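**Student:** As input, take final.txt (compact mmCIF, C-alpha atoms):
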# COMPACT_ATOMS: atom_id res chain seq x y z
CA MET S 1 -64.37 -12.17 11.62
CA GLY S 2 -61.67 -14.08 13.34
CA ASN S 3 -61.14 -14.03 17.05
CA PRO S 4 -58.19 -11.71 17.87
CA VAL S 5 -57.45 -13.74 21.00
CA ILE S 6 -56.62 -16.71 18.79
CA SER S 7 -54.27 -14.57 16.73
CA GLU S 8 -52.53 -13.47 19.88
CA ASN S 9 -52.19 -17.12 20.84
CA PHE S 10 -50.53 -17.78 17.51
CA ILE S 11 -47.90 -15.16 18.24
CA ARG S 12 -47.41 -16.39 21.79
CA LEU S 13 -46.93 -19.95 20.58
CA LEU S 14 -44.45 -18.88 17.92
CA ASP S 15 -42.55 -16.89 20.49
CA THR S 16 -42.14 -19.75 22.96
CA ARG S 17 -41.40 -22.50 20.44
CA LEU S 18 -39.63 -20.92 17.48
CA ARG S 19 -37.66 -18.07 19.01
CA GLU S 20 -35.77 -20.55 21.20
CA VAL S 21 -34.96 -22.61 18.11
CA SER S 22 -33.67 -19.50 16.37
CA GLU S 23 -31.47 -18.37 19.24
CA ASN S 24 -29.93 -21.80 19.74
CA ALA S 25 -29.10 -22.25 16.08
CA TRP S 26 -27.44 -18.86 15.94
CA ALA S 27 -25.32 -19.39 19.04
CA GLU S 28 -24.09 -22.89 18.20
CA LEU S 29 -22.70 -22.23 14.72
CA PRO S 30 -18.95 -21.48 14.68
CA SER S 31 -17.58 -18.05 13.91
CA GLN S 32 -13.94 -16.95 13.61
CA LYS S 33 -14.67 -13.24 13.71
CA GLY S 34 -13.11 -12.86 17.15
CA GLU S 35 -9.77 -14.14 15.85
CA LEU S 36 -9.66 -11.67 12.98
CA TYR S 37 -11.42 -8.40 13.70
CA ARG S 38 -11.66 -5.44 16.00
CA ASP S 39 -15.32 -4.67 16.64
CA VAL S 40 -16.13 -1.04 15.90
CA PRO S 41 -19.34 0.33 17.46
CA SER S 42 -21.42 2.39 15.07
CA ASP S 43 -24.70 4.28 15.02
CA SER S 44 -24.19 5.82 11.56
CA ALA S 45 -24.84 4.76 7.99
CA TRP S 46 -21.07 4.50 7.51
CA GLU S 47 -17.85 5.05 9.38
CA GLU S 48 -14.83 6.92 8.00
CA PHE S 49 -11.20 6.52 8.97
CA PHE S 50 -8.42 8.93 8.08
CA GLY S 51 -4.69 8.34 8.19
CA VAL S 52 -1.89 10.81 8.93
CA SER S 53 1.71 10.34 7.86
CA GLY S 54 4.56 9.87 10.28
CA VAL S 55 7.07 12.54 11.24
CA ALA S 56 10.51 12.84 9.67
CA ASP S 57 13.78 12.57 11.63
CA ILE S 58 14.52 15.26 14.20
CA PRO S 59 17.04 17.75 12.78
CA ALA S 60 19.99 19.25 14.62
CA PHE S 61 19.03 22.31 16.71
CA ASN S 62 20.45 25.55 15.30
CA GLY S 63 19.02 27.98 17.83
CA LYS S 64 15.50 28.05 16.43
CA LEU S 65 12.87 25.37 16.66
CA GLU S 66 12.06 23.77 13.31
CA TYR S 67 8.48 22.65 12.78
CA LEU S 68 8.05 19.45 10.84
CA SER S 69 5.30 18.83 8.32
CA GLN S 70 2.88 15.92 8.05
CA SER S 71 0.83 14.69 5.11
CA PRO S 72 -2.71 13.35 5.12
CA GLY S 73 -3.17 9.64 4.67
CA TYR S 74 -5.91 7.90 2.75
CA LEU S 75 -9.61 7.90 3.56
CA THR S 76 -11.34 4.59 4.24
CA ARG S 77 -15.12 4.36 4.50
CA ILE S 78 -16.98 1.24 5.67
CA GLU S 79 -20.70 1.11 4.90
CA PRO S 80 -22.60 -1.87 6.35
CA LYS S 81 -25.13 -3.58 4.10
CA GLU S 82 -28.58 -4.90 4.94
CA TYR S 83 -29.46 -8.59 4.84
CA ALA S 84 -32.97 -9.96 5.35
CA ALA S 85 -35.18 -12.94 4.56
CA GLY S 86 -38.45 -14.45 5.73
CA LEU S 87 -40.51 -17.61 5.93
CA ALA S 88 -44.27 -18.11 5.86
CA PHE S 89 -46.31 -21.04 7.19
CA GLU S 90 -49.86 -21.93 6.35
CA ARG S 91 -52.37 -21.73 9.22
CA LYS S 92 -52.95 -25.50 9.10
CA PHE S 93 -49.37 -26.18 10.22
CA LEU S 94 -50.31 -24.70 13.58
CA ASP S 95 -53.75 -26.27 13.68
CA ASP S 96 -52.33 -29.72 12.93
CA LYS S 97 -49.51 -29.22 15.47
CA LYS S 98 -46.72 -29.49 12.89
CA TYR S 99 -44.33 -27.77 15.26
CA ALA S 100 -41.37 -29.89 14.15
CA VAL S 101 -41.79 -28.74 10.55
CA MET S 102 -41.91 -25.09 11.56
CA SER S 103 -38.99 -25.46 13.96
CA ASP S 104 -36.84 -27.08 11.28
CA GLN S 105 -37.59 -24.31 8.81
CA VAL S 106 -36.94 -21.48 11.27
CA GLU S 107 -33.68 -23.13 12.28
CA SER S 108 -32.71 -23.40 8.59
CA LEU S 109 -33.38 -19.69 8.12
CA THR S 110 -31.20 -18.84 11.11
CA ILE S 111 -28.43 -21.16 9.97
CA ALA S 112 -28.53 -19.48 6.56
CA ALA S 113 -28.10 -16.09 8.22
CA GLN S 114 -25.13 -17.27 10.25
CA ARG S 115 -23.59 -18.89 7.17
CA THR S 116 -23.93 -15.60 5.34
CA LYS S 117 -22.08 -13.77 8.11
CA ALA S 118 -19.40 -16.48 8.24
CA LYS S 119 -18.71 -15.96 4.53
CA ILE S 120 -18.56 -12.20 5.01
CA GLU S 121 -15.99 -12.69 7.79
CA ILE S 122 -13.38 -14.08 5.39
CA ASP S 123 -13.96 -11.50 2.63
CA PRO S 124 -10.66 -9.68 3.30
CA PHE S 125 -8.74 -12.91 2.65
CA ALA S 126 -10.97 -14.41 -0.03
CA TYR S 127 -10.75 -11.19 -2.08
CA ALA S 128 -7.37 -9.95 -0.84
CA PHE S 129 -6.09 -9.43 -4.38
CA SER S 130 -9.14 -7.55 -5.65
CA SER S 131 -9.94 -3.86 -5.31
CA ALA S 132 -13.69 -4.49 -5.76
CA PHE S 133 -14.64 -4.15 -2.10
CA THR S 134 -18.01 -5.27 -0.78
CA PHE S 135 -18.45 -2.74 2.02
CA MET S 136 -15.52 -0.40 1.72
CA TYR S 137 -14.40 2.65 -0.20
CA SER S 138 -10.63 3.09 -0.24
CA GLU S 139 -9.15 6.35 -1.42
CA GLU S 140 -5.91 4.53 -2.25
CA GLY S 141 -7.86 2.36 -4.68
CA VAL S 142 -5.77 -0.83 -4.61
CA SER S 143 -6.37 -4.28 -3.16
CA LEU S 144 -5.46 -5.27 0.39
CA CYS S 145 -2.51 -7.31 -0.91
CA SER S 146 -0.89 -5.40 -3.76
CA ASP S 147 2.50 -4.61 -5.26
CA SER S 148 1.28 -1.08 -6.07
CA HIS S 149 0.67 0.59 -2.70
CA THR S 150 1.20 4.35 -2.72
CA ASN S 151 1.36 7.32 -0.35
CA LYS S 152 0.63 11.05 -0.34
CA THR S 153 3.99 12.14 1.02
CA GLY S 154 6.04 11.64 -2.13
CA ALA S 155 8.29 9.07 -0.45
CA SER S 156 9.73 6.40 -2.72
CA THR S 157 7.66 3.23 -2.98
CA THR S 158 10.37 1.17 -4.66
CA THR S 159 10.79 -0.96 -1.53
CA GLY S 160 8.60 -1.56 1.51
CA PHE S 161 5.26 -0.91 -0.24
CA ASP S 162 4.62 -4.36 -1.73
CA ASN S 163 2.66 -6.96 0.25
CA ALA S 164 1.76 -9.38 -2.55
CA SER S 165 3.72 -12.56 -3.20
CA THR S 166 3.23 -15.62 -5.42
CA GLY S 167 5.17 -18.47 -3.76
CA ALA S 168 3.39 -21.66 -2.74
CA LEU S 169 3.48 -22.42 0.97
CA SER S 170 6.84 -23.90 1.95
CA LYS S 171 9.50 -23.27 4.57
CA THR S 172 11.49 -21.29 1.99
CA SER S 173 8.62 -19.03 0.87
CA LEU S 174 7.53 -18.56 4.47
CA ALA S 175 11.01 -17.38 5.46
CA ALA S 176 11.08 -15.01 2.48
CA MET S 177 7.67 -13.53 3.32
CA ARG S 178 8.69 -12.97 6.92
CA LEU S 179 11.79 -11.03 5.88
CA LYS S 180 9.72 -9.03 3.42
CA MET S 181 7.26 -8.02 6.14
CA LEU S 182 10.10 -6.97 8.42
CA ARG S 183 11.09 -4.44 5.73
CA TYR S 184 7.69 -2.74 5.38
CA LYS S 185 7.79 1.06 5.45
CA ASN S 186 5.39 3.74 6.61
CA ASP S 187 4.02 6.61 4.53
CA ILE S 188 7.20 8.64 4.82
CA GLY S 189 9.38 5.74 3.72
CA GLU S 190 10.76 4.76 7.13
CA ARG S 191 11.10 1.18 8.32
CA ILE S 192 8.44 0.09 10.82
CA ILE S 193 8.27 -2.70 13.36
CA THR S 194 6.14 -5.66 12.30
CA ASP S 195 5.74 -8.98 14.04
CA PRO S 196 4.62 -11.60 11.52
CA ASP S 197 3.48 -14.33 13.87
CA THR S 198 0.56 -16.17 12.25
CA ILE S 199 0.02 -18.19 9.06
CA VAL S 200 -3.53 -17.91 7.72
CA CYS S 201 -4.67 -20.62 5.33
CA GLY S 202 -7.51 -22.95 4.41
CA GLU S 203 -7.90 -26.59 5.35
CA SER S 204 -6.08 -27.75 2.21
CA LEU S 205 -2.83 -26.10 3.36
CA ALA S 206 -3.23 -26.72 7.08
CA ASP S 207 -1.10 -29.87 7.23
CA THR S 208 1.72 -28.19 5.31
CA ALA S 209 1.65 -25.16 7.61
CA LEU S 210 1.54 -27.28 10.76
CA GLU S 211 4.44 -29.41 9.55
CA ILE S 212 6.58 -26.35 8.82
CA VAL S 213 6.09 -24.79 12.24
CA GLY S 214 5.76 -28.01 14.23
CA SER S 215 8.94 -29.79 13.20
CA GLU S 216 11.98 -29.09 15.36
CA LYS S 217 14.20 -30.48 12.58
CA ASP S 218 13.96 -29.36 8.97
CA PRO S 219 11.09 -31.43 7.51
CA THR S 220 12.61 -31.35 3.99
CA SER S 221 16.20 -32.18 4.90
CA ALA S 222 17.70 -35.67 5.11
CA ASN S 223 20.35 -34.35 7.47
CA ASN S 224 17.85 -33.22 10.12
CA THR S 225 19.18 -29.67 10.20
CA ILE S 226 17.62 -27.12 12.54
CA ASN S 227 14.25 -25.77 11.40
CA PRO S 228 14.28 -22.01 12.17
CA GLN S 229 10.50 -21.82 11.62
CA TYR S 230 9.82 -24.21 14.51
CA LYS S 231 7.23 -22.60 16.83
CA ARG S 232 7.90 -19.22 15.22
CA PHE S 233 4.34 -18.93 13.91
CA LYS S 234 0.81 -19.87 14.92
CA VAL S 235 -1.50 -21.37 12.30
CA LEU S 236 -5.00 -19.92 11.87
CA ILE S 237 -7.16 -22.15 9.68
CA LEU S 238 -10.08 -20.41 7.95
CA ARG S 239 -12.31 -23.31 7.00
CA ARG S 240 -14.20 -21.46 4.30
CA LEU S 241 -11.14 -20.11 2.52
CA ASP S 242 -10.91 -23.26 0.41
CA ASP S 243 -14.28 -22.35 -1.11
CA TYR S 244 -12.49 -19.53 -2.92
CA ASP S 245 -8.97 -20.81 -3.53
CA LEU S 246 -7.02 -23.91 -2.49
CA ASN S 247 -3.52 -22.45 -2.81
CA ASN S 248 -3.52 -18.90 -1.48
CA TRP S 249 -2.16 -18.25 2.01
CA PHE S 250 -1.20 -15.31 4.20
CA LEU S 251 1.30 -14.26 6.85
CA VAL S 252 -0.03 -11.74 9.36
CA ASP S 253 0.95 -9.68 12.34
CA SER S 254 -2.00 -10.82 14.48
CA ARG S 255 -1.78 -7.94 16.96
CA GLN S 256 -1.81 -5.32 14.22
CA MET S 257 -4.49 -7.22 12.31
CA LYS S 258 -6.86 -6.85 15.25
CA LYS S 259 -6.29 -3.08 15.08
CA ASP S 260 -6.56 -2.54 11.31
CA LEU S 261 -9.14 -5.16 10.31
CA MET S 262 -12.50 -3.83 11.45
CA TRP S 263 -15.98 -5.28 11.79
CA ILE S 264 -19.17 -3.27 12.20
CA ASP S 265 -22.32 -4.95 13.50
CA ARG S 266 -24.64 -2.05 12.73
CA ILE S 267 -27.66 -4.21 13.58
CA ALA S 268 -26.57 -7.53 15.09
CA LYS S 269 -29.67 -9.65 14.45
CA GLU S 270 -33.41 -9.08 14.66
CA THR S 271 -36.12 -11.68 14.37
CA LYS S 272 -39.79 -10.82 14.07
CA MET S 273 -43.00 -12.80 13.79
CA THR S 274 -46.58 -11.99 12.94
CA VAL S 275 -49.85 -13.41 11.61
CA ASP S 276 -51.30 -12.08 8.36
CA PHE S 277 -54.98 -11.61 9.25
CA GLU S 278 -56.06 -11.78 5.57
CA THR S 279 -54.34 -15.07 4.68
CA PHE S 280 -53.77 -16.51 8.18
CA MET S 281 -50.14 -17.13 7.19
CA LEU S 282 -47.66 -17.28 10.06
CA LYS S 283 -44.66 -15.15 9.09
CA TRP S 284 -41.14 -15.15 10.47
CA SER S 285 -38.32 -12.81 9.40
CA ILE S 286 -34.66 -12.24 10.16
CA TYR S 287 -32.66 -9.06 9.56
CA PHE S 288 -29.10 -7.95 10.19
CA ARG S 289 -26.76 -5.26 8.97
CA CYS S 290 -22.99 -5.57 9.00
CA GLY S 291 -19.80 -4.67 7.18
CA ASN S 292 -16.04 -4.97 7.35
CA GLY S 293 -12.90 -3.35 6.03
CA PHE S 294 -9.31 -2.42 6.77
CA LYS S 295 -7.70 0.93 7.44
CA ASP S 296 -4.11 -0.12 6.61
CA TRP S 297 -2.43 -3.00 4.78
CA ARG S 298 0.82 -3.39 6.71
CA TRP S 299 -0.41 -6.27 8.89
CA VAL S 300 -0.52 -8.86 6.10
CA GLU S 301 1.50 -10.37 3.28
CA GLY S 302 -0.56 -12.43 0.84
CA ALA S 303 0.54 -15.17 -1.57
CA ASN S 304 -1.57 -15.32 -4.73
CA VAL S 305 -0.46 -18.73 -5.94
CA SER S 306 -1.27 -19.65 -9.54
If you took the structure in this file and wrote it as structure tokens, what would it be?
**Tutor:**
Amino acid sequence: MGNPVISENFIRLLDTRLREVSENAWAELPSQKGELYRDVPSDSAWEEFFGVSGVADIPAFNGKLEYLSQSPGYLTRIEPKEYAAGLAFERKFLDDKKYAVMSDQVESLTIAAQRTKAKIEIDPFAYAFSSAFTFMYSEEGVSLCSDSHTNKTGASTTTGFDNASTGALSKTSLAAMRLKMLRYKNDIGERIITDPDTIVCGESLADTALEIVGSEKDPTSANNTINPQYKRFKVLILRRLDDYDLNNWFLVDSRQMKKDLMWIDRIAKETKMTVDFETFMLKWSIYFRCGNGFKDWRWVEGANVS
């Protein structure tokens, strides 16, 4: 039989050498979650969000108070998913002091976990024109950016319920999308206040976006006319967006986005280590559970450019 003290030493050695590697790798990789989401604390298998319609105009008083009606909005449910993986090292790696090999592999596992979360972070933009949600059930049943948004109040959706465009990024299409967002309507068909202040795009469109908002004079005019888009918008570059599409871009109300775009870290990150006493394999695992979704669409206008 093996000496249990030696096994304990295995675990202690793994803890001091490999856990530090894991923590450092996780912390140093970039994340843009803080620029996009509102963190929602959760201790449940899923979280549900319900909307309620606005209230109609106040009528003239005729001697008796009139009570106004409201309609229910749509249900949104976000259910975090589980992610997990592990690595195993032969006993001889420890005996032969191959710490560098083990450290490199544990770091690779941690980097892979962070990369997975980084991809999940841009899901709402990468799949903005799809209603096949990864973590979310939407009672409305349409994509985040759609020309077919509906309501339960019976209000007309002819105007103010379309947040999907097709124009390539340019000063002209940007101006048109801004005006379109300013005409969004709530569930009862009334105009709402939006503040489209940020262009969201991938690296491939970053120079175009920065030129549009960074040129005091019109960048496409030989007469150097005033550029009304100058400093009107910030530019948020999502580096991984190009992995999905090189042409799509978005205009957002960043303040409202941080309210309606939600992230749930159900289990942030757990790492565990052990020694298999039958095989003497040194085992390392990583586990996390997260999800995202949106409770309303009126913070974004998306351009699905063919």
**Student:** Nearest to Gly214 of chain S: which of S:Pro228, S:Phe133, S:Lys33, S:Asp57 is it, counting all atoms listed in the file?
**Tutor:**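 Closest to Gly214 of chain S, using all atoms listed in the file: S:Pro228.
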**Student:** Which residues are close to Val300 of chain S, i.e. within 10 Å by all atoms listed in the file, leaving aside same-chain residues fewer than 6 positions away? Reply as a ChimeraX atom specification.
**Tutor:** /S:125,128,144-145,163-164,177,181,194,196,198-200,250-254,256-257
**Student:** Nearest to Thr157 of chain S among S:Pro72, S:Pro80, S:Gly291, S:Gly189, with distances taken over only C-alpha atoms: which residue is it?
**Tutor:**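 With only C-alpha atoms as the atom set, the closest residue is S:Gly189.
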**Student:** One decimal, Å: what's the distance from atom CA of Gly167 of chain S over to atom CA of Gly202 of chain S, could you say?
**Tutor:**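 Value for the atom CA of Gly167 of chain S-atom CA of Gly202 of chain S distance: 15.7 Å.
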**Student:** Counting all atoms listed in the file, what is within 12 Å of Gly154 of chain S, bar same-chain residues fewer than 6 positions away, as a PDB file with C-alpha atoms, keeping the file's coordinate frame?
**Tutor:**
ATOM      1  CA  SER S  53       1.710  10.340   7.860  1.00  0.00           C
ATOM      2  CA  GLN S  70       2.880  15.920   8.050  1.00  0.00           C
ATOM      3  CA  SER S  71       0.830  14.690   5.110  1.00  0.00           C
ATOM      4  CA  PRO S  72      -2.710  13.350   5.120  1.00  0.00           C
ATOM      5  CA  GLY S  73      -3.170   9.640   4.670  1.00  0.00           C
ATOM      6  CA  ASN S 186       5.390   3.740   6.610  1.00  0.00           C
ATOM      7  CA  ASP S 187       4.020   6.610   4.530  1.00  0.00           C
ATOM      8  CA  ILE S 188       7.200   8.640   4.820  1.00  0.00           C
ATOM      9  CA  GLY S 189       9.380   5.740   3.720  1.00  0.00           C
TER      10      GLY S 189
END
**Student:** Go through S:Ala88, S:Ala126, S:Ile212, S:Cys201 and flag the residue nearest Ile237 of chain S, using only C-alpha atoms for the distances.
**Tutor:**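 Going through S:Ala88, S:Ala126, S:Ile212, S:Cys201 one by one, the smallest distance to Ile237 of chain S is for S:Cys201.
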